[in-house]
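A short worksheet on the structure shown next.
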Amino acid sequence: MVLTWRRLREKREQGREAQIASVMRLIEQYPFVDVFMGMPSRLQLWQAKHYPLCDGVLIIFDKQKER
C-alpha cells in the first residue's frame, strides 16, 4: 500500500496528538512533576529527588537529538 505524503503527514500528526494527550494526562495525575526538555543536570535531578513536594521527573527527548 502506497501512502501519499498527505496521509503520512496526517498519521504523523495523529501520533503526535496522542503523545501530547498522554503527557497531559500524566501531568494531570501528578501536578508536581518536573518536566525537562532533554537531559537535566545532576543538580536539577538531585533537587527534584530531595524536594518533598516533587512527584517525579519527566524527561522529554527530541528524537532527532537522542543519539
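Identifiers for the C-alpha cells are assigned positionally: chains receive A, B, ... in sequence, residues are indexed from 1 per chain, and ligands are indexed from 1 in the order shown.
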*If you run DSSP over the backbone, which residues in chain A end up helix (DSSP H, G or I)? Put them as a PyMOL selection string.*
chain A and resi 5-29+42-50
*Name the residues of chain A that come out as strand (DSSP E) in a backbone DSSP run; write them as JSON, numbers by chain.*
{"A": [33, 34, 35, 36, 37, 56, 57, 58, 59, 60]}
*Could you pull the residues within 10 Å of Asp55 of chain A, counting only C-alpha atoms, minus those fewer than 5 positions along the same chain, as a ChimeraX atom specification?*
/A:27,29-34,48-49
Store the residues of this selection in a file with C-alpha atoms, as a compact mmCIF listing (two decimals), in the first residue's frame.
# COMPACT_ATOMS: atom_id res chain seq x y z
CA ILE A 27 0.73 15.82 34.34
CA GLN A 29 -2.34 12.93 37.67
CA TYR A 30 0.98 14.21 39.03
CA PRO A 31 0.87 18.02 39.02
CA PHE A 32 4.21 18.40 40.78
CA VAL A 33 6.27 16.63 38.12
CA ASP A 34 9.36 18.48 36.94
CA ALA A 48 13.95 17.03 42.34
CA LYS A 49 14.81 13.91 44.34
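Picture a line from atom CA of Ile59 of chain A to atom CA of Phe36 of chain A; it runs 4.8 Å.
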*asked:* Residues within 10 Å of segment 19-23 of chain A, please, as a ChimeraX atom specification. Count only C-alpha atoms; anything in the same chain fewer than 5 positions from it doesn't count.
replied: /A:13-14,28-29,58,60
File of the preceding selection, C-alpha atoms, as an mmCIF file, in the first residue's frame:
data_model
loop_
_atom_site.group_PDB
_atom_site.id
_atom_site.type_symbol
_atom_site.label_atom_id
_atom_site.label_comp_id
_atom_site.auth_asym_id
_atom_site.auth_seq_id
_atom_site.Cartn_x
_atom_site.Cartn_y
_atom_site.Cartn_z
ATOM 1 C CA GLU A 13 0.041 14.380 13.387
ATOM 2 C CA GLN A 14 -2.371 11.851 14.890
ATOM 3 C CA GLU A 28 -2.897 15.995 35.475
ATOM 4 C CA GLN A 29 -2.343 12.931 37.666
ATOM 5 C CA LEU A 58 9.643 13.650 33.206
ATOM 6 C CA ILE A 60 11.364 14.515 27.020
#
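For the pair atom CA of Arg25 of chain A and atom CA of Arg6 of chain A, the interatomic distance is 28.7 Å.
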